[in-house]
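J.: Structure incoming, see below.
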Amino acid sequence: MDVAITMKKAVVPEEVRRMAHDRVCRLERYLPSIDRAEICFVEEPNHRVGGERDACEVTLYAPGKVLHAKAVASDPLAAMDRAVRRIGEQCARRRGRFLVRSQARMARSRADGFLRPPYRRASTSQ
């Protein structure tokens, strides 16, 4: 998986870059077909709260699907954790839907007689 990590108007610290890469690469266990991931850190002034807030946007590109999540927190790592958690839930839902559909297709094929049940050897003990 190709991972692009950027930060608007600043440079991403190496520690944050390494942790972001590790966390996003873990998402491949939910959705192994991910081709590319983009992580963008942004420092947004939030005048209602009275200080700067860190936001993280994570976008995953898989064949036929683009998953996107954005989260805001008090520091970049917390924002990244929230965004990765949100996009992980999206990946798990997508994977679950895929499995349900494929299992339903398999059941229909078996009912129609296209697939035979697994072959079992007869026991040869005498």
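Ligands are numbered from 1 in the order shown, chains are lettered A, B, ... in the order of the structure tokens, and residues start at 1 in each chain.
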Fewer than 4 positions away in the same chain doesn't count, so skip those; otherwise give me all residues within 10 Å of Lys8 in chain A, counting only C-alpha atoms, as an MDAnalysis selection string.

T.: chainID A and resid 12 40:44

J.: For the selection just defined, write its residues with N, CA and C atoms to a file, as an mmCIF file, in the first residue's frame.

T.:
```cif
data_model
loop_
_atom_site.group_PDB
_atom_site.id
_atom_site.type_symbol
_atom_site.label_atom_id
_atom_site.label_comp_id
_atom_site.auth_asym_id
_atom_site.auth_seq_id
_atom_site.Cartn_x
_atom_site.Cartn_y
_atom_site.Cartn_z
ATOM 1 N N VAL A 12 5.573 17.456 8.809
ATOM 2 C CA VAL A 12 5.143 16.384 9.703
ATOM 3 C C VAL A 12 6.354 15.852 10.461
ATOM 4 N N CYS A 40 -3.721 13.621 5.889
ATOM 5 C CA CYS A 40 -3.421 15.043 5.862
ATOM 6 C C CYS A 40 -3.712 15.637 7.244
ATOM 7 N N PHE A 41 -2.699 16.228 7.833
ATOM 8 C CA PHE A 41 -2.852 16.904 9.117
ATOM 9 C C PHE A 41 -3.038 18.394 8.867
ATOM 10 N N VAL A 42 -3.978 19.009 9.586
ATOM 11 C CA VAL A 42 -4.280 20.423 9.407
ATOM 12 C C VAL A 42 -4.418 21.055 10.790
ATOM 13 N N GLU A 43 -3.826 22.237 10.965
ATOM 14 C CA GLU A 43 -4.035 23.000 12.194
ATOM 15 C C GLU A 43 -5.091 24.051 11.885
ATOM 16 N N GLU A 44 -6.273 23.894 12.473
ATOM 17 C CA GLU A 44 -7.383 24.794 12.205
ATOM 18 C C GLU A 44 -7.616 25.704 13.402
#
```

J.: For range 81-97 of chain A, find every residue with an atom within 6 Å (counting only C-alpha atoms), except residues of its own chain fewer than 4 positions away, and show them as an NGL selection string.

T.: :A and (30-31 or 69-71)

J.: Would you compute the distance between CA of Ala62 in chain A and CA of Arg29 in chain A? Give it in Å to one decimal.

T.: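 Rounded to one decimal, the two atoms are 13.3 Å apart.
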
J.: Measuring between only C-alpha atoms, which one of A:Val72, A:Val66, A:Ile34, A:Ile5 shows the shortest distance to Ala20 in chain A?

T.: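 Under the stated criterion, the closest residue is A:Ile5.
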
J.: Counting only C-alpha atoms, which of A:Lys65, A:Ala37, A:Glu28, A:Cys56 gets nearest to Val16 in chain A?

T.: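 Closest residue, counting only C-alpha atoms: A:Cys56.
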
J.: Running DSSP on the backbone, which parts of range 18-61 of chain A land in alpha helix (DSSP H), as a PyMOL selection string?

T.: chain A and resi 18-25

J.: Write the residues of the preceding selection, restricted to C-alpha atoms, as an mmCIF file, in the first residue's frame.

T.:
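Contents of selection_15.cif, as written:
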```
data_model
loop_
_atom_site.group_PDB
_atom_site.id
_atom_site.type_symbol
_atom_site.label_atom_id
_atom_site.label_comp_id
_atom_site.auth_asym_id
_atom_site.auth_seq_id
_atom_site.Cartn_x
_atom_site.Cartn_y
_atom_site.Cartn_z
ATOM 1 C CA ARG A 18 5.938 6.688 11.525
ATOM 2 C CA MET A 19 2.940 6.180 13.826
ATOM 3 C CA ALA A 20 0.475 7.260 11.115
ATOM 4 C CA HIS A 21 2.029 4.857 8.614
ATOM 5 C CA ASP A 22 1.846 1.950 11.074
ATOM 6 C CA ARG A 23 -1.766 2.618 12.054
ATOM 7 C CA VAL A 24 -3.004 2.959 8.479
ATOM 8 C CA CYS A 25 -1.147 -0.169 7.342
#
```

J.: Quick one: pull the distance between CA of Ala4 in chain A and CA of Ala73 in chain A, Å, one decimal.

T.: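 One can read the CA of Ala4 in chain A to CA of Ala73 in chain A distance as 20.9 Å.
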
J.: Take CA of Asn46 in chain A and CA of Met7 in chain A and report the distance between them in Å, one decimal.

T.: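 Here the two named atoms are 17.6 Å from each other.
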
J.: Can you work out which one of A:Arg36, A:Asp2, A:Glu14, A:Pro45 has the shortest atom-to-atom distance to Thr59 in chain A, counting only C-alpha atoms?

T.: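 Using only C-alpha atoms, Thr59 in chain A sits closest to A:Arg36.
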